[in-house]
Amino acid sequence: MDQALKYYVVHVLALAQVRAIDVWPPYLTLRMAWNTGINFGLFAGGAEAVRWGLIGIALAIAAAVAVWMWRDPPGPAGRVSAGLLIGGALGNVVDRVLYGAVADFLNMSCCGIDNPFSFNVADISIFAGALGLVVFTGEGDGKKAP
């Protein structure tokens, strides 16, 4: 879903050229942002080494979570959470490989606060997956002790 939406906004809606489309202002605006760093543009140096370093870190985290799930499988909610985190990380890796940066396009503001940041579906998946792993794994996850 992440890659399909990114393709649609970048190539079909040409958001990279249009820059912004009001969907339901101010609650939802499509606002193009190419993020060469991590969340909120941190570590956005633009250097190739940073790009490939972030790709490597994302792949290492995805692999570590996959190994963790294989070695100590949680219940269904934990597995879904791991899938969301891994899928989101890989979605942003695809962006870095294809575009050199992550395509962020969702912008939400409310209540007189103008949010300057954009994000994407992969970011939502990473956040939801990480939160789910905290909540749905470990002690009390419903598994029997060995």
# chains A, B, ... in the order shown; residues from 1 in each chain; ligands from 1
>>> residues_around(residues="segment 49-65 of chain A", least_positions_apart="4", cutoff="10 Å", atoms="only C-alpha atoms", output="JSON, numbers by chain")
{"A": [36, 37, 38, 43, 44, 45, 69, 70, 71, 82, 83, 85, 86, 87, 88, 89, 90, 91, 92, 93, 94, 95, 96, 97, 100, 101, 102, 133]}
>>> closest_residue(among="A:Pro25, A:Ala33, A:Val12, A:Val80", to="Cys111 of chain A", atoms="only C-alpha atoms")
A:Pro25
>>> residues_around(residues="Lys6 of chain A", least_positions_apart="6", cutoff="9 Å", atoms="only C-alpha atoms", output="PDB file with C-alpha atoms, in the first residue's frame")
ATOM      1  CA  ASP A  95      12.399   4.856  -1.751  1.00  0.00           C
ATOM      2  CA  ALA A 103       8.965  10.250  -0.390  1.00  0.00           C
ATOM      3  CA  ASP A 104       6.917  11.874   2.379  1.00  0.00           C
ATOM      4  CA  PHE A 105       3.584  13.360   1.375  1.00  0.00           C
ATOM      5  CA  ASN A 120       4.103   8.496   4.637  1.00  0.00           C
ATOM      6  CA  VAL A 121       2.283   5.197   5.128  1.00  0.00           C
TER       7      VAL A 121
END
>>> select_by_dssp(residues="chain A", states="helix (DSSP H, G or I)", output="MDAnalysis selection string")
chainID A and resid 2:12 15:18 39:41 48:71 76:99 121:136
>>> write_last_selection(atoms="C-alpha atoms", output="mmCIF file, in the first residue's frame")
data_model
loop_
_atom_site.group_PDB
_atom_site.id
_atom_site.type_symbol
_atom_site.label_atom_id
_atom_site.label_comp_id
_atom_site.auth_asym_id
_atom_site.auth_seq_id
_atom_site.Cartn_x
_atom_site.Cartn_y
_atom_site.Cartn_z
ATOM 1 C CA ASP A 2 2.847 2.378 0.864
ATOM 2 C CA GLN A 3 4.603 1.964 -2.480
ATOM 3 C CA ALA A 4 1.335 2.151 -4.445
ATOM 4 C CA LEU A 5 0.392 5.447 -2.757
ATOM 5 C CA LYS A 6 3.885 6.861 -3.245
ATOM 6 C CA TYR A 7 3.791 5.954 -6.931
ATOM 7 C CA TYR A 8 0.371 7.589 -7.268
ATOM 8 C CA VAL A 9 1.298 10.878 -5.578
ATOM 9 C CA VAL A 10 4.745 11.176 -7.174
ATOM 10 C CA HIS A 11 3.967 10.018 -10.717
ATOM 11 C CA VAL A 12 0.212 10.370 -11.277
ATOM 12 C CA LEU A 15 3.095 16.111 -6.329
ATOM 13 C CA ALA A 16 6.840 16.644 -6.668
ATOM 14 C CA GLN A 17 6.072 19.444 -9.150
ATOM 15 C CA VAL A 18 2.735 20.664 -7.704
ATOM 16 C CA ASN A 39 12.181 11.195 11.158
ATOM 17 C CA PHE A 40 11.640 14.954 10.932
ATOM 18 C CA GLY A 41 14.641 15.250 8.602
ATOM 19 C CA GLU A 48 25.675 9.145 -0.395
ATOM 20 C CA ALA A 49 27.303 7.566 2.659
ATOM 21 C CA VAL A 50 24.385 8.703 4.842
ATOM 22 C CA ARG A 51 21.869 7.331 2.322
ATOM 23 C CA TRP A 52 23.500 3.900 2.167
ATOM 24 C CA GLY A 53 24.115 3.905 5.908
ATOM 25 C CA LEU A 54 20.403 4.479 6.558
ATOM 26 C CA ILE A 55 19.560 1.710 4.067
ATOM 27 C CA GLY A 56 21.905 -0.631 5.928
ATOM 28 C CA ILE A 57 20.458 0.289 9.321
ATOM 29 C CA ALA A 58 16.876 -0.246 8.108
ATOM 30 C CA LEU A 59 17.776 -3.628 6.598
ATOM 31 C CA ALA A 60 19.594 -4.666 9.786
ATOM 32 C CA ILE A 61 16.601 -3.695 11.953
ATOM 33 C CA ALA A 62 14.184 -5.532 9.643
ATOM 34 C CA ALA A 63 16.409 -8.625 9.717
ATOM 35 C CA ALA A 64 16.789 -8.464 13.512
ATOM 36 C CA VAL A 65 13.019 -8.243 14.010
ATOM 37 C CA ALA A 66 12.470 -11.138 11.583
ATOM 38 C CA VAL A 67 15.013 -13.293 13.448
ATOM 39 C CA TRP A 68 13.432 -12.331 16.776
ATOM 40 C CA MET A 69 9.985 -13.372 15.497
ATOM 41 C CA TRP A 70 11.361 -16.657 14.158
ATOM 42 C CA ARG A 71 13.184 -17.522 17.401
ATOM 43 C CA PRO A 76 -0.990 -12.984 16.247
ATOM 44 C CA ALA A 77 -0.972 -9.294 17.265
ATOM 45 C CA GLY A 78 2.795 -9.424 17.803
ATOM 46 C CA ARG A 79 3.323 -11.026 14.400
ATOM 47 C CA VAL A 80 1.177 -8.372 12.713
ATOM 48 C CA SER A 81 3.144 -5.685 14.548
ATOM 49 C CA ALA A 82 6.434 -7.160 13.358
ATOM 50 C CA GLY A 83 5.101 -7.297 9.809
ATOM 51 C CA LEU A 84 4.081 -3.646 9.953
ATOM 52 C CA LEU A 85 7.503 -2.590 11.230
ATOM 53 C CA ILE A 86 9.423 -4.695 8.698
ATOM 54 C CA GLY A 87 7.147 -3.684 5.809
ATOM 55 C CA GLY A 88 7.420 0.008 6.659
ATOM 56 C CA ALA A 89 11.196 -0.153 6.958
ATOM 57 C CA LEU A 90 11.479 -1.946 3.606
ATOM 58 C CA GLY A 91 9.088 0.552 1.986
ATOM 59 C CA ASN A 92 11.370 3.412 2.947
ATOM 60 C CA VAL A 93 14.418 1.419 1.800
ATOM 61 C CA VAL A 94 12.821 1.061 -1.646
ATOM 62 C CA ASP A 95 12.399 4.856 -1.751
ATOM 63 C CA ARG A 96 16.027 5.466 -0.849
ATOM 64 C CA VAL A 97 17.180 3.059 -3.554
ATOM 65 C CA LEU A 98 14.797 4.378 -6.261
ATOM 66 C CA TYR A 99 14.704 8.097 -5.466
ATOM 67 C CA VAL A 121 2.283 5.197 5.128
ATOM 68 C CA ALA A 122 5.583 3.392 5.808
ATOM 69 C CA ASP A 123 6.242 5.767 8.713
ATOM 70 C CA ILE A 124 2.798 5.008 10.139
ATOM 71 C CA SER A 125 3.501 1.272 9.791
ATOM 72 C CA ILE A 126 6.878 1.568 11.505
ATOM 73 C CA PHE A 127 5.390 3.507 14.424
ATOM 74 C CA ALA A 128 2.360 1.213 14.781
ATOM 75 C CA GLY A 129 4.555 -1.885 14.462
ATOM 76 C CA ALA A 130 7.065 -0.705 17.063
ATOM 77 C CA LEU A 131 4.273 0.234 19.469
ATOM 78 C CA GLY A 132 2.604 -3.135 18.864
ATOM 79 C CA LEU A 133 5.842 -4.992 19.559
ATOM 80 C CA VAL A 134 6.135 -3.205 22.895
ATOM 81 C CA VAL A 135 2.527 -3.962 23.809
ATOM 82 C CA PHE A 136 2.067 -7.452 22.343
#
>>> atom_distance(atom1="atom CA of Trp34 of chain A", atom2="atom CA of Cys110 of chain A")
22.8 Å
